[in-house]
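Take a look at the structure set out below.
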There are 2 protein chains.
Amino acid sequence: MLTSNSLSQFLDELASSSPAPGGGSVAALAGAIGSALTSMVCNLTIGKKKYAGVQDEIQSVLAQSEKLRRDLTEMIDQDTEAFNSVMAAFGMPKNTEEEQLQRTSAIQEATQRATLVPLNVMELCERALILAKVVAEKGNKNSVSDAGVAALMLQAACAGAGLNVRINLVALKDEVFVGGTIERMKVISGRVEELAAETLALVNSAIG
Amino acid sequence: MLTSNSLSQFLDELASSSPAPGGGSVAALAGAIGSALTSMVCNLTIGKKKYAGVQDEIQSVLAQSEKLRRDLTEMIDQDTEAFNSVMAAFGMPKNTEEEQLQRTSAIQEATQRATLVPLNVMELCERALILAKVVAEKGNKNSVSDAGVAALMLQAACAGAGLNVRINLVALKDEVFVGGTIERMKVISGRVEELAAETLALVNSAIG
């Protein structure tokens with residue numbers, strides 16, 4: 001598992017001539033980092049008298065952001081696995097007509113999966129950004145820049161996952177799937193850009 | 001060192017109620033990740049016949065992006081150390097007038113350092129983005145989305161480091177230092193936003 005690698009090892013793996021892990025796993029990691037920062041701001045708010053009025057809400061945000069952190073962390077490996085499946089399908093034999101048909105179908109199936117993983121990352125980032133906005137507004141003011149970095153990481157994660165959805169969609173022949181995915185992606189991207197801008201506006205006004 | 005932690009441990013540390021590591025270290029890590037992705041695209045371009053015309057340029061980009069990756073990786077720990085020094089200064093005794101003066105001066109000095117670390121991260125990210133743009137334009141087209149994710153991570157890293165500069169500047173009394181830092185920050189942010197937009201335009205037109 002990539003997540004049991006040290007940060008240094010992960011960075012070395014990333015920089016290497018192996019195409020995986022690549023941008024897809026990085027997008028998931030950036031999402032997990034953004035969720036972890038949101039959790040940190042929750043943990044620095046919980047139990048503080050000054051924030052007595054928001055304890056229940058922040059406890060609920062923490063539970064949700066920890067769940068999203070776990071899910072996004074799992075996507076780091078899932079994206080690399082999905083990419084490797086596409087490569088494996090491309091490596092299938094293509095000597096007979098039957099082999100060619102099987103190979104084409106395996107490539108389509110694996111590529112569809114390689115599209116769904118980053119699409120899922122986008123959805124998780126959208127939910128994580130809703131939480132980052134709450135902590136930017138109501139969390140410990142000493143950590144407001146951390147809430148801002150959380151929003152920036154989630155925004156970059158969502159946009160990066162979007163690039164990975166799009167580069168895989170190019171190879172897909174199922175027009176209904178392609179059209180539906182593009183539509184879904186547009187909706188999420190729009191909401192994420194809006195949430196990120198709102199969160200950063202809150203952070204900027206708090207820093208002054 | 002934070003970089004010898006596993007990804008999972010680092011995420012746990014980040015989410016915990018300890019304020020460090022926080023957004024500053026995350027910004028440095030995002031910069032290191034962006035540089036690593038640029039290096040990956042270089043490594044997937046080097047030795048490929050199709051890219052024979054750009055081999056020397058990409059070799060030079062790789063050497064620079066690996067240097068920036070090392071420098072940005074070091075900043076992950078440096079930011080946490082700078083934050084801990086500020087906390088240590090706040091913890092100094094303040095019983096006598098002399099102690100109070102020493103404490104105030106130590107806080108100012110440590111906070112200035114906590115400003116310079118993320119300012120340095122911003123500068124390194126600007127240089128790293130110049131390289132991400134080169135690989136988006138001239139690197140292996142199969143990895144163009146990775147060049148895009150590199151740009152997104154470097155853009156988020158720079159903006160995140162900027163929030164950390166600003167939150168520390170608020171506490172500083174040296175107006176010449178504050179004014180000069182804000183000026184420097186504006187110049188870097190402007191260039192980084194421009195470079196990121198140009199890189200993503202190249203990536204979007206390559207994906208089609």
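Identifiers in the structure tokens: chain A, B, ... in order shown; residue index from 1 per chain; ligand index from 1 in order shown.
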### Message
Using only C-alpha atoms, which protein or nucleic acid residues come within 10 Å of Lys133 (chain A)? Drop anything in the same chain fewer than 2 positions from it, and give the result as a PyMOL selection string.
### Response
chain A and resi 38+128-131+135-139+147-148+150-151+195-203
### Message
Show me, as a ChimeraX atom specification, the residues of chain A whose atoms get within 7 Å of chain B, using only C-alpha atoms for the distance check.
### Response
/A:3-8,11,14-17,22-23,33,36-37,39-40,43-44,145-146,149,152-153,156,160,163-164,167,207
### Query
Could you pull out all residues of chain B with a DSSP call of alpha helix (DSSP H) and give them as a ChimeraX atom specification?
/B:7-15,23-43,55-90,97-138,144-169,175-207
### Query
Using only C-alpha atoms, which residues sit within 6 Å of region 102-107 of chain B once same-chain residues fewer than 5 positions away are excluded, as a VMD selection string?
chain B and resid 86 89 92
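Atom pair CA of Glu193 (chain A) / CA of Arg113 (chain A) has a distance of 25.2 Å (rounded to one decimal).
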### Message
Which residues are near region 179-188 of chain A? Cut-off 7 Å, only C-alpha atoms, ignore same chain within fewer than 3 positions. Put them as an NGL selection string.
### Response
:A and (122-123 or 126 or 175-176 or 191-192)
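CA of Lys173 (chain B) is found 7.6 Å from CA of Gln108 (chain B).
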### All residues 10 Å or closer to Val117 (chain B), only C-alpha atoms, same chain fewer than 6 positions away omitted, as a ChimeraX atom specification
/B:24-25,28,75-76,78-83,161,164-165
Would you mind exporting the chosen residues as a PDB file, in the first residue's frame, restricted to N, CA and C atoms?
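And here's selection32.pdb as it stands now:
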```
ATOM      1  N   GLY B  24       1.222  25.234   7.035  1.00  0.00           N
ATOM      2  CA  GLY B  24       2.524  25.641   6.493  1.00  0.00           C
ATOM      3  C   GLY B  24       3.311  24.456   5.972  1.00  0.00           C
ATOM      4  N   SER B  25       3.362  23.386   6.754  1.00  0.00           N
ATOM      5  CA  SER B  25       4.059  22.174   6.306  1.00  0.00           C
ATOM      6  C   SER B  25       3.339  21.537   5.122  1.00  0.00           C
ATOM      7  N   ALA B  28       4.352  23.263   1.932  1.00  0.00           N
ATOM      8  CA  ALA B  28       5.669  22.800   1.473  1.00  0.00           C
ATOM      9  C   ALA B  28       5.559  21.410   0.847  1.00  0.00           C
ATOM     10  N   MET B  75      11.523  22.033   3.577  1.00  0.00           N
ATOM     11  CA  MET B  75      10.676  23.070   4.170  1.00  0.00           C
ATOM     12  C   MET B  75       9.507  22.484   4.971  1.00  0.00           C
ATOM     13  N   ILE B  76       9.139  21.216   4.714  1.00  0.00           N
ATOM     14  CA  ILE B  76       8.057  20.582   5.480  1.00  0.00           C
ATOM     15  C   ILE B  76       8.424  20.612   6.969  1.00  0.00           C
ATOM     16  N   GLN B  78      11.024  22.390   8.267  1.00  0.00           N
ATOM     17  CA  GLN B  78      11.411  23.751   8.682  1.00  0.00           C
ATOM     18  C   GLN B  78      10.209  24.569   9.115  1.00  0.00           C
ATOM     19  N   ASP B  79       9.078  24.396   8.426  1.00  0.00           N
ATOM     20  CA  ASP B  79       7.900  25.172   8.812  1.00  0.00           C
ATOM     21  C   ASP B  79       7.399  24.766  10.200  1.00  0.00           C
ATOM     22  N   THR B  80       7.369  23.469  10.453  1.00  0.00           N
ATOM     23  CA  THR B  80       6.925  22.995  11.773  1.00  0.00           C
ATOM     24  C   THR B  80       7.890  23.474  12.861  1.00  0.00           C
ATOM     25  N   GLU B  81       9.215  23.428  12.563  1.00  0.00           N
ATOM     26  CA  GLU B  81      10.200  23.922  13.544  1.00  0.00           C
ATOM     27  C   GLU B  81      10.016  25.419  13.809  1.00  0.00           C
ATOM     28  N   ALA B  82       9.763  26.188  12.746  1.00  0.00           N
ATOM     29  CA  ALA B  82       9.575  27.633  12.914  1.00  0.00           C
ATOM     30  C   ALA B  82       8.346  27.909  13.780  1.00  0.00           C
ATOM     31  N   PHE B  83       7.265  27.141  13.545  1.00  0.00           N
ATOM     32  CA  PHE B  83       6.049  27.301  14.348  1.00  0.00           C
ATOM     33  C   PHE B  83       6.323  26.957  15.816  1.00  0.00           C
ATOM     34  N   ALA B 161       0.960  28.782   1.296  1.00  0.00           N
ATOM     35  CA  ALA B 161       2.111  29.405   1.956  1.00  0.00           C
ATOM     36  C   ALA B 161       1.833  30.887   2.185  1.00  0.00           C
ATOM     37  N   ASN B 164      -0.028  31.544   5.255  1.00  0.00           N
ATOM     38  CA  ASN B 164       0.843  31.403   6.424  1.00  0.00           C
ATOM     39  C   ASN B 164       1.764  32.608   6.602  1.00  0.00           C
ATOM     40  N   VAL B 165       2.203  33.195   5.497  1.00  0.00           N
ATOM     41  CA  VAL B 165       2.971  34.440   5.599  1.00  0.00           C
ATOM     42  C   VAL B 165       2.098  35.508   6.254  1.00  0.00           C
TER      43      VAL B 165
END
```
